[in-house]
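Below: start-v8.csv (CSV, C-alpha atoms)
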```
chain,number,residue,atom,x,y,z
A,299,MET,CA,-18.4,-21.0,-7.2
A,300,LYS,CA,-19.6,-18.5,-4.6
A,301,SER,CA,-16.5,-16.4,-4.2
A,302,ALA,CA,-12.9,-15.9,-5.2
A,303,THR,CA,-9.9,-14.3,-3.5
A,304,ILE,CA,-6.7,-13.1,-5.2
A,305,SER,CA,-3.4,-12.1,-3.6
A,306,THR,CA,-0.5,-10.4,-5.3
A,307,SER,CA,3.1,-9.4,-4.5
A,308,GLY,CA,4.5,-5.9,-4.4
A,309,ARG,CA,7.1,-4.7,-6.9
A,310,LEU,CA,10.5,-3.0,-6.7
A,311,HIS,CA,11.6,-1.3,-9.9
A,312,PHE,CA,15.4,-1.2,-10.1
A,313,GLY,CA,15.8,1.0,-13.2
A,314,LEU,CA,15.5,1.5,-16.9
A,315,PHE,CA,17.8,0.7,-19.8
A,316,GLY,CA,17.2,4.1,-21.3
A,317,TRP,CA,15.0,6.1,-23.6
A,318,GLY,CA,15.1,8.8,-26.3
A,319,PRO,CA,16.1,9.0,-30.0
A,320,GLN,CA,19.5,7.3,-29.4
A,321,ALA,CA,18.0,4.3,-27.5
A,322,PHE,CA,17.5,1.0,-29.5
A,323,ARG,CA,14.5,0.3,-27.3
A,324,GLN,CA,12.4,2.6,-25.2
A,325,PHE,CA,12.5,2.2,-21.5
A,326,GLY,CA,12.8,-1.6,-20.7
A,327,GLY,CA,14.1,-2.4,-17.2
A,328,PHE,CA,14.3,-4.8,-14.4
A,329,GLY,CA,12.9,-5.3,-10.9
A,330,LEU,CA,12.0,-7.7,-8.2
A,331,MET,CA,8.7,-9.0,-6.8
A,332,ILE,CA,8.4,-8.9,-3.0
A,333,GLN,CA,6.1,-10.7,-0.6
A,334,LYS,CA,4.8,-7.5,1.1
A,335,PRO,CA,3.1,-5.2,0.8
A,336,GLY,CA,0.7,-6.8,-1.6
A,337,TYR,CA,-3.0,-6.9,-2.5
A,338,ILE,CA,-5.6,-9.3,-1.1
A,339,ILE,CA,-9.0,-8.8,-2.8
A,340,GLN,CA,-12.1,-10.9,-2.4
A,341,ALA,CA,-15.2,-11.0,-4.7
A,342,LYS,CA,-18.6,-12.6,-4.0
A,343,TYR,CA,-21.8,-12.7,-6.1
A,344,ALA,CA,-24.3,-10.1,-5.0
A,345,LYS,CA,-27.6,-8.5,-6.0
A,346,THR,CA,-26.0,-5.2,-6.7
A,347,ASP,CA,-22.4,-4.1,-7.1
A,348,PHE,CA,-20.7,-3.2,-3.8
A,349,LEU,CA,-17.1,-2.2,-3.2
A,350,GLU,CA,-15.3,-1.9,0.1
A,351,ALA,CA,-11.9,-0.3,-0.2
A,352,GLY,CA,-9.8,2.7,0.6
A,353,MET,CA,-10.5,5.9,-1.4
A,354,GLU,CA,-7.6,5.4,-3.9
A,355,ASP,CA,-8.5,1.8,-4.7
A,356,GLN,CA,-12.2,2.5,-4.7
A,357,GLN,CA,-11.8,5.2,-7.4
A,358,ALA,CA,-9.5,3.1,-9.5
A,359,ILE,CA,-11.7,-0.1,-9.4
A,360,ASN,CA,-14.9,1.8,-10.0
A,361,LYS,CA,-13.4,3.3,-13.1
A,362,MET,CA,-12.2,-0.1,-14.4
A,363,LEU,CA,-15.4,-2.1,-13.9
A,364,PRO,CA,-17.5,-0.8,-16.8
A,365,ASP,CA,-14.6,-1.4,-19.3
A,366,ILE,CA,-13.9,-4.8,-17.8
A,367,ARG,CA,-17.6,-5.8,-18.2
A,368,GLU,CA,-17.7,-4.5,-21.8
A,369,TYR,CA,-14.5,-6.4,-22.8
A,370,PHE,CA,-15.7,-9.6,-21.1
A,371,LYS,CA,-19.0,-9.2,-23.0
A,372,GLN,CA,-17.1,-9.0,-26.3
A,373,LYS,CA,-15.3,-12.2,-25.3
A,374,GLY,CA,-18.6,-14.0,-24.6
A,375,PHE,CA,-18.5,-13.7,-20.7
A,376,MET,CA,-21.1,-11.9,-18.6
A,377,LEU,CA,-19.9,-10.5,-15.3
A,378,PRO,CA,-22.8,-10.5,-12.7
A,379,PRO,CA,-23.1,-7.9,-9.9
A,380,LEU,CA,-20.4,-8.4,-7.3
A,381,SER,CA,-19.4,-7.5,-3.7
A,382,ILE,CA,-15.7,-6.7,-3.8
A,383,LYS,CA,-13.6,-6.2,-0.7
A,384,VAL,CA,-9.9,-5.1,-0.6
A,385,HIS,CA,-8.5,-6.7,2.5
A,386,HIS,CA,-4.9,-5.6,2.0
A,387,CYS,CA,-3.4,-3.1,-0.4
A,388,ILE,CA,-0.1,-1.6,-1.7
A,389,PRO,CA,0.2,2.1,-0.9
A,390,ALA,CA,-0.4,4.1,-4.0
A,391,HIS,CA,2.4,6.0,-5.8
A,392,HIS,CA,5.2,4.8,-3.5
A,393,GLY,CA,7.2,3.0,-6.2
A,394,LEU,CA,5.8,-0.4,-5.2
A,395,GLY,CA,3.7,-1.2,-8.3
A,396,SER,CA,0.2,-0.5,-6.8
A,397,GLY,CA,-1.4,0.5,-10.1
A,398,THR,CA,-0.4,-2.5,-12.2
A,399,GLN,CA,-0.9,-5.1,-9.4
A,400,ARG,CA,-4.4,-3.7,-8.5
A,401,ALA,CA,-5.5,-3.6,-12.2
A,402,LEU,CA,-4.3,-7.1,-13.1
A,403,ALA,CA,-5.6,-8.5,-9.8
A,404,ILE,CA,-9.1,-7.1,-10.4
A,405,GLY,CA,-9.0,-8.2,-14.0
A,406,LYS,CA,-8.0,-11.8,-13.1
A,407,LEU,CA,-10.5,-11.9,-10.2
A,408,MET,CA,-13.3,-10.7,-12.4
A,409,ALA,CA,-12.5,-13.2,-15.1
A,410,ALA,CA,-12.8,-16.0,-12.5
A,411,MET,CA,-16.2,-14.6,-11.3
A,412,ALA,CA,-17.4,-14.5,-15.0
A,413,GLY,CA,-16.3,-18.1,-15.6
A,414,TRP,CA,-13.3,-17.2,-17.8
A,415,ASN,CA,-10.8,-19.7,-16.5
A,416,HIS,CA,-7.5,-19.1,-18.4
A,417,PRO,CA,-7.2,-15.6,-19.8
A,418,THR,CA,-3.7,-14.6,-20.8
A,419,ILE,CA,-1.8,-11.8,-19.1
A,420,HIS,CA,-2.2,-9.8,-22.4
A,421,GLU,CA,-6.0,-10.3,-22.3
A,422,ILE,CA,-6.1,-9.2,-18.7
A,423,ALA,CA,-4.1,-6.1,-19.6
A,424,MET,CA,-6.6,-5.4,-22.5
A,425,ALA,CA,-9.6,-5.8,-20.1
A,426,THR,CA,-8.1,-3.4,-17.6
A,427,ASN,CA,-6.5,-1.1,-20.1
A,428,ARG,CA,-3.2,-1.4,-18.4
A,429,PHE,CA,-0.1,-1.2,-20.6
A,430,PRO,CA,2.5,0.5,-18.5
A,431,ARG,CA,6.0,1.5,-19.9
A,432,SER,CA,7.6,-1.3,-17.9
A,433,GLY,CA,6.6,-5.0,-18.1
A,434,VAL,CA,8.2,-5.8,-14.8
A,435,GLY,CA,5.0,-5.6,-12.8
A,436,ALA,CA,2.9,-7.5,-15.4
A,437,TYR,CA,5.3,-10.4,-15.7
A,438,GLY,CA,5.9,-10.3,-11.9
A,439,PHE,CA,2.2,-10.6,-11.4
A,440,GLU,CA,2.2,-13.7,-13.5
A,441,LYS,CA,5.5,-15.3,-12.5
A,442,GLY,CA,7.2,-13.6,-9.5
A,443,GLY,CA,11.0,-13.4,-9.1
A,444,LEU,CA,13.4,-11.1,-10.8
A,445,ILE,CA,12.1,-9.8,-14.1
A,446,VAL,CA,13.9,-8.1,-17.0
A,447,ASP,CA,11.7,-6.7,-19.8
A,448,GLY,CA,12.8,-5.5,-23.3
A,449,GLY,CA,11.0,-2.2,-23.5
A,450,HIS,CA,9.0,-0.9,-26.5
A,451,GLU,CA,9.8,0.1,-30.0
A,452,THR,CA,8.2,3.6,-29.5
A,453,GLY,CA,8.5,6.0,-26.6
A,454,LEU,CA,5.9,8.0,-24.7
A,455,GLY,CA,2.9,7.2,-26.9
A,456,ARG,CA,0.1,4.8,-25.9
A,457,HIS,CA,1.3,1.2,-25.8
A,458,GLN,CA,-1.0,-1.6,-26.9
A,459,LYS,CA,1.0,-4.5,-25.7
A,460,ILE,CA,3.1,-5.4,-22.7
A,461,ALA,CA,6.9,-5.0,-23.2
A,462,PRO,CA,8.5,-8.4,-24.0
A,463,LEU,CA,9.8,-10.6,-21.3
A,464,ILE,CA,13.6,-11.1,-21.5
A,465,SER,CA,14.4,-12.9,-18.3
A,466,GLN,CA,12.8,-14.3,-15.2
A,467,MET,CA,15.1,-15.6,-12.4
A,468,GLN,CA,14.6,-16.7,-8.8
A,469,TRP,CA,16.0,-14.6,-6.0
A,470,PRO,CA,18.0,-16.3,-3.2
A,471,GLU,CA,15.9,-16.7,-0.1
A,472,GLN,CA,18.7,-15.6,2.2
A,473,TRP,CA,18.9,-12.2,0.4
A,474,ARG,CA,16.4,-10.4,2.7
A,475,VAL,CA,14.7,-7.2,1.5
A,476,ILE,CA,14.4,-4.2,3.8
A,477,LEU,CA,12.3,-1.2,2.7
A,478,PHE,CA,12.4,2.3,4.2
A,479,ILE,CA,9.5,4.6,3.4
A,480,PRO,CA,9.9,8.2,4.5
A,481,GLN,CA,6.8,10.3,4.7
A,482,GLU,CA,7.6,12.5,1.7
A,483,THR,CA,5.8,13.5,-1.5
A,484,GLN,CA,4.5,10.6,-3.5
A,485,GLY,CA,6.5,9.7,-6.6
A,486,HIS,CA,5.5,10.9,-10.1
A,487,PHE,CA,2.6,9.0,-11.8
A,488,GLY,CA,0.1,9.5,-14.6
A,489,THR,CA,0.3,12.8,-16.3
A,490,LYS,CA,3.0,14.1,-14.0
A,491,GLU,CA,5.2,11.2,-14.9
A,492,MET,CA,4.6,11.7,-18.6
A,493,GLU,CA,5.5,15.4,-18.3
A,494,ALA,CA,8.7,14.5,-16.4
A,495,PHE,CA,9.8,12.2,-19.2
A,496,VAL,CA,9.1,14.8,-21.8
A,497,LYS,CA,11.3,17.3,-20.0
A,498,LEU,CA,14.1,15.0,-19.0
A,499,PRO,CA,17.1,15.0,-21.2
A,500,SER,CA,17.7,11.6,-22.9
A,501,PRO,CA,20.6,9.6,-21.5
A,502,GLU,CA,23.9,9.5,-23.3
A,503,VAL,CA,24.5,6.4,-25.5
A,504,ASN,CA,27.6,5.4,-23.5
A,505,GLU,CA,25.6,5.6,-20.3
A,506,MET,CA,22.8,3.5,-21.6
A,507,ASN,CA,25.3,0.9,-22.9
A,508,SER,CA,27.0,0.9,-19.5
A,509,VAL,CA,23.8,0.2,-17.6
A,510,ALA,CA,22.9,-2.6,-20.1
A,511,ARG,CA,26.3,-4.2,-19.7
A,512,SER,CA,26.2,-3.9,-15.9
A,513,ILE,CA,22.8,-5.7,-15.9
A,514,LEU,CA,23.6,-8.4,-18.4
A,515,THR,CA,27.3,-9.1,-17.7
A,516,GLN,CA,27.5,-8.3,-14.0
A,517,PHE,CA,24.2,-8.3,-12.1
A,518,LEU,CA,22.4,-11.3,-13.7
A,519,PRO,CA,25.4,-13.6,-13.7
A,520,ALA,CA,26.2,-12.8,-10.1
A,521,LEU,CA,22.5,-13.5,-9.3
A,522,ALA,CA,22.6,-16.8,-11.1
A,523,GLU,CA,25.8,-17.7,-9.1
A,524,THR,CA,24.3,-16.5,-5.8
A,525,ASP,CA,27.2,-14.1,-5.4
A,526,PHE,CA,25.7,-11.5,-3.1
A,527,HIS,CA,28.5,-9.0,-3.0
A,528,ARG,CA,29.0,-8.9,-6.8
A,529,ALA,CA,25.3,-8.7,-7.5
A,530,MET,CA,24.8,-5.9,-4.9
A,531,ALA,CA,27.8,-3.9,-6.1
A,532,ALA,CA,26.4,-4.0,-9.7
A,533,LEU,CA,22.9,-3.0,-8.5
A,534,GLU,CA,24.2,0.0,-6.6
A,535,THR,CA,26.2,1.2,-9.7
A,536,ILE,CA,23.1,0.9,-11.8
A,537,GLN,CA,20.9,2.6,-9.3
A,538,ARG,CA,23.3,5.6,-9.1
A,539,GLN,CA,23.5,5.9,-12.9
A,540,VAL,CA,19.7,5.7,-13.4
A,541,GLY,CA,19.2,8.1,-10.4
A,542,GLU,CA,21.5,10.6,-12.1
A,543,TRP,CA,19.3,10.4,-15.2
A,544,PHE,CA,16.2,11.2,-13.1
A,545,ALA,CA,17.9,13.9,-10.9
A,546,PRO,CA,16.7,16.9,-13.1
A,547,ALA,CA,13.1,15.8,-12.3
A,548,GLN,CA,13.9,15.2,-8.6
A,549,SER,CA,15.3,18.7,-7.6
A,550,GLY,CA,18.8,17.5,-8.5
A,551,SER,CA,18.7,14.5,-6.1
A,552,VAL,CA,19.8,11.1,-7.2
A,553,TYR,CA,17.4,9.3,-4.9
A,554,GLY,CA,14.4,11.6,-5.0
A,555,SER,CA,15.2,14.2,-2.4
A,556,PRO,CA,18.0,15.5,-0.2
A,557,LEU,CA,16.6,13.5,2.7
A,558,ARG,CA,16.5,10.3,0.7
A,559,ASP,CA,20.1,10.9,-0.6
A,560,ASN,CA,21.1,11.0,3.1
A,561,LEU,CA,19.1,8.0,4.0
A,562,ILE,CA,20.8,6.0,1.3
A,563,GLN,CA,24.2,6.7,2.8
A,564,GLU,CA,22.8,5.7,6.2
A,565,LEU,CA,21.6,2.4,4.8
A,566,LYS,CA,25.0,1.7,3.4
A,567,SER,CA,26.8,2.7,6.6
A,568,HIS,CA,24.6,0.2,8.6
A,569,GLY,CA,25.7,-2.7,6.3
A,570,LEU,CA,22.8,-2.8,3.8
A,571,ARG,CA,23.8,-3.5,0.2
A,572,GLY,CA,22.3,-3.0,-3.3
A,573,VAL,CA,20.7,0.2,-1.9
A,574,GLY,CA,18.5,2.4,-4.1
A,575,GLN,CA,15.1,3.9,-4.8
A,576,SER,CA,12.2,1.9,-6.3
A,577,SER,CA,10.9,3.7,-9.4
A,578,TRP,CA,10.1,7.4,-8.5
A,579,GLY,CA,10.0,6.5,-4.8
A,580,PRO,CA,9.7,7.5,-2.0
A,581,THR,CA,10.4,3.9,-1.1
A,582,LEU,CA,14.1,3.1,-0.6
A,583,PHE,CA,15.4,-0.5,-0.4
A,584,GLY,CA,18.5,-2.4,0.7
A,585,PHE,CA,19.4,-6.1,1.0
A,586,SER,CA,21.1,-8.2,3.7
A,587,GLN,CA,22.2,-11.7,4.5
A,588,ALA,CA,22.2,-11.0,8.2
A,589,SER,CA,20.2,-12.8,10.8
A,590,ASP,CA,16.7,-11.7,11.7
A,591,GLN,CA,17.9,-10.2,15.0
A,592,GLU,CA,20.7,-8.3,13.2
A,593,ILE,CA,18.3,-7.0,10.6
A,594,GLN,CA,15.9,-5.9,13.3
A,595,ASN,CA,18.7,-4.1,15.2
A,596,LEU,CA,20.0,-2.2,12.2
A,597,SER,CA,16.4,-1.3,11.1
A,598,LYS,CA,15.7,0.1,14.5
A,599,ALA,CA,19.0,2.0,14.5
A,600,ILE,CA,18.3,3.6,11.2
A,601,THR,CA,14.7,4.7,12.1
A,602,ASN,CA,15.9,6.0,15.4
A,603,GLN,CA,18.4,8.2,13.6
A,604,PHE,CA,15.6,10.1,11.9
A,605,PRO,CA,13.1,10.9,14.7
A,606,GLN,CA,12.0,14.1,12.9
A,607,ILE,CA,10.3,12.1,10.1
A,608,GLN,CA,7.9,9.2,10.1
A,609,LEU,CA,10.2,6.5,8.6
A,610,GLN,CA,8.4,3.2,8.0
A,611,CYS,CA,10.5,0.1,7.8
A,612,ILE,CA,9.3,-3.2,6.2
A,613,VAL,CA,11.4,-6.3,6.4
A,614,THR,CA,10.3,-8.8,3.7
A,615,GLU,CA,11.5,-11.4,1.2
A,616,ALA,CA,11.4,-11.8,-2.6
A,617,SER,CA,8.3,-13.4,-3.9
A,618,SER,CA,9.2,-16.5,-5.9
A,619,HIS,CA,5.7,-17.0,-7.5
A,620,GLY,CA,3.1,-15.0,-9.2
A,621,HIS,CA,-0.4,-14.1,-8.0
A,622,ARG,CA,-2.5,-16.7,-6.2
A,623,LEU,CA,-6.2,-17.2,-7.0
A,624,GLU,CA,-8.4,-19.3,-4.7
A,625,THR,CA,-12.1,-20.1,-5.4
A,626,MET,CA,-14.8,-21.4,-3.0
A,627,ALA,CA,-17.7,-23.5,-4.3
```
Structure translated into structure tokens:
Amino acid sequence: MKSATISTSGRLHFGLFGWGPQAFRQFGGFGLMIQKPGYIIQAKYAKTDFLEAGMEDQQAINKMLPDIREYFKQKGFMLPPLSIKVHHCIPAHHGLGSGTQRALAIGKLMAAMAGWNHPTIHEIAMATNRFPRSGVGAYGFEKGGLIVDGGHETGLGRHQKIAPLISQMQWPEQWRVILFIPQETQGHFGTKEMEAFVKLPSPEVNEMNSVARSILTQFLPALAETDFHRAMAALETIQRQVGEWFAPAQSGSVYGSPLRDNLIQELKSHGLRGVGQSSWGPTLFGFSQASDQEIQNLSKAITNQFPQIQLQCIVTEASSHGHRLETMA
């Protein structure tokens, strides 16, 4: 084998089950893998290491590689010098899962180049030191679709395993995904995210129970029965409740900022359903069963309504599969 290329999906995070001393499990949540934006990364054998990528990806990958090499060595695999090129990427800290998808993609790609053919998702997480609070991105990387994870026994401390997978379901092809990304401050991540959780008041028990019931008895059954309107109504209810939990860390805004709160109302007024904010944002999303032309028209109408900001619109679909790895002899 001379080279290998890996491609991943992006990830929408719909919300958490809850956290704090009154929660049975810490965090947990659900989300959807989407076809774009995603990562495409290629690796070739080389005389010395070389990395071609944007600054954010370059810093993160350079930081990972020594630990990956050491972990592989412990497992009996030697990783030779490589030329790595990031062809496409997920924008960092936009609520689209860039950190987890990049780390797992690099880990799986490096395993292929080292001759390790079938590492588990847990082993890849160990190699890349990537154990996020949510397991949505990790299982989505492996399986695609709609993911529900069961959270952790403990809260903000360092996790040493991926949260357990509770459910993986396919998303109907006709339920199109429309993203709107305003040019606003990046969402919380790293230390800032940890600090936000420390300061945030824990959700009330009745609120956490309400979210869990909505997911398990309304949203997931409606998804299984391909009932768009019931599924989207449940998703909007959950999004608002979870957004209210995070509002104290978002200047009192349910969807991240006053601008995004207004944008959400515009998405609904133009016929999008299941609207909300992915993770800490700033990416907003909505869903539609309309035709391509109708979606194009409503997307243009929404972006034209906010000429004062750079509002990016991405029309995509759910990703029904996990990452793809291709090798060349």
*Surrounding residues of A:Ala588 excluding itself and chain neighbours under 4 positions, 10 Å, all atoms listed in the file, as a ChimeraX atom specification*: /A:472-474,569-570,592-594,596
*Selected residue of minimal separation from A:His391 among A:His621, A:Arg323, A:Arg309, A:Lys373, counting all atoms listed in the file*: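 Nearest to A:His391: A:Arg309.
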*Can you tell me how far atom CA of A:Ser617 sits from atom CA of A:Thr418, in Å to one decimal?*
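Spanning atom CA of A:Ser617 to atom CA of A:Thr418 is a straight-line distance of 20.8 Å.
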*asked:* Ranking A:Asp590, A:Glu482, A:Glu542, A:Glu615 by minimum distance to A:Arg558 and counting all atoms listed in the file, which one comes first?
replied: A:Glu482
_Among listed residues A:Pro519, A:Gly442, A:Gly374, A:Gly327, nearest A:Ile464 (using all atoms listed in the file)_ =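 Going through A:Pro519, A:Gly442, A:Gly374, A:Gly327 one by one, the smallest distance to A:Ile464 is for A:Gly327.
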_Around the point (27.2, 3.2, -10.9) (coordinates from the file), which residues reach within 12 Å if we count only C-alpha atoms? Answer as a list of chain:residue names._
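The requested residues, written out, are A:Gly313, A:Glu505, A:Met506, A:Ser508, A:Val509, A:Ala510, A:Arg511, A:Ser512, A:Ile513, A:Gln516, A:Phe517, A:Met530, A:Ala531, A:Ala532, A:Leu533, A:Glu534, A:Thr535, A:Ile536, A:Gln537, A:Arg538, A:Gln539, A:Val540, A:Gly541, A:Glu542, A:Trp543, A:Val552, A:Gly572, A:Val573, A:Gly574.
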_One number please: atom CA of A:Tyr437 to atom CA of A:Ile419, in Å, one decimal._
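Interatomic distance here is 8.0 Å.
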_Residue among A:Lys566, A:Ile607, A:Gln587, A:Ala423 lying closest to A:Phe439, counting only C-alpha atoms_ =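 Answer, going by the shortest atom-to-atom distance: A:Ala423.
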*With all atoms listed in the file as the atoms that count, which of A:Glu502, A:Val384, A:Ala403, A:Phe322 lies nearest to A:Gly620?*
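Once distances to A:Gly620 are computed over all atoms listed in the file, the minimum belongs to A:Ala403.
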*Nearest to A:Glu471, chosen from A:Gly448, A:Gly443, A:Pro580, A:Gly397, with all atoms listed in the file counted in the distances*: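 Comparing A:Gly448, A:Gly443, A:Pro580, A:Gly397 against A:Glu471, the winner is A:Gly443.
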*asked:* Can you pull out the residues contacting A:Glu624? Cut-off 8 Å, using all atoms listed in the file, and skip same-chain residues under 3 positions away; I want them as a PyMOL selection string.
replied: chain A and resi 302-304
Write a file of the just-selected residues containing C-alpha atoms, as a short mmCIF file (atom, residue, chain, number, x, y, z; two decimals), in the frame of the given file.
```cif
data_model
loop_
_atom_site.label_atom_id
_atom_site.label_comp_id
_atom_site.auth_asym_id
_atom_site.auth_seq_id
_atom_site.Cartn_x
_atom_site.Cartn_y
_atom_site.Cartn_z
CA ALA A 302 -12.90 -15.90 -5.20
CA THR A 303 -9.90 -14.30 -3.50
CA ILE A 304 -6.70 -13.10 -5.20
#
```
*By how many Å are atom CA of A:Ser381 and atom CA of A:Leu407 apart?*
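That distance, rounded to one decimal, is 11.9 Å.
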*Residue contacts of A:Trp317 (7 Å, all atoms listed in the file) excluding same-chain residues fewer than 4 positions away, as a count of residues only*: 6
*Any idea what's packed within 6 Å of stretch 393-396 of chain A, counting all atoms listed in the file, ignoring anything in its chain fewer than 3 positions away? Could you give it as a VMD selection string?*
chain A and resid 308 to 310 388 390 399 to 400 576 to 579
*Would you mind listing what lies within 12 Å of A:Asn560 as a list in words, with all atoms listed in the file counted and same-chain residues fewer than 5 positions away left out?*
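With the cut-off at 12 Å, the set is Pro480, Ser551, Val552, Tyr553, Gly554, Ser555, Leu565, Lys566, Ser567, Val573, Gly574, Leu582, Ile600, Gln603 and Phe604 of chain A.
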*With all atoms listed in the file counted, which protein, DNA or RNA residues have an atom no more than 7 Å from (-14.7, -18.2, -3.1) in the file frame? Please answer as a ChimeraX atom specification.*
/A:299-303,342,624-627
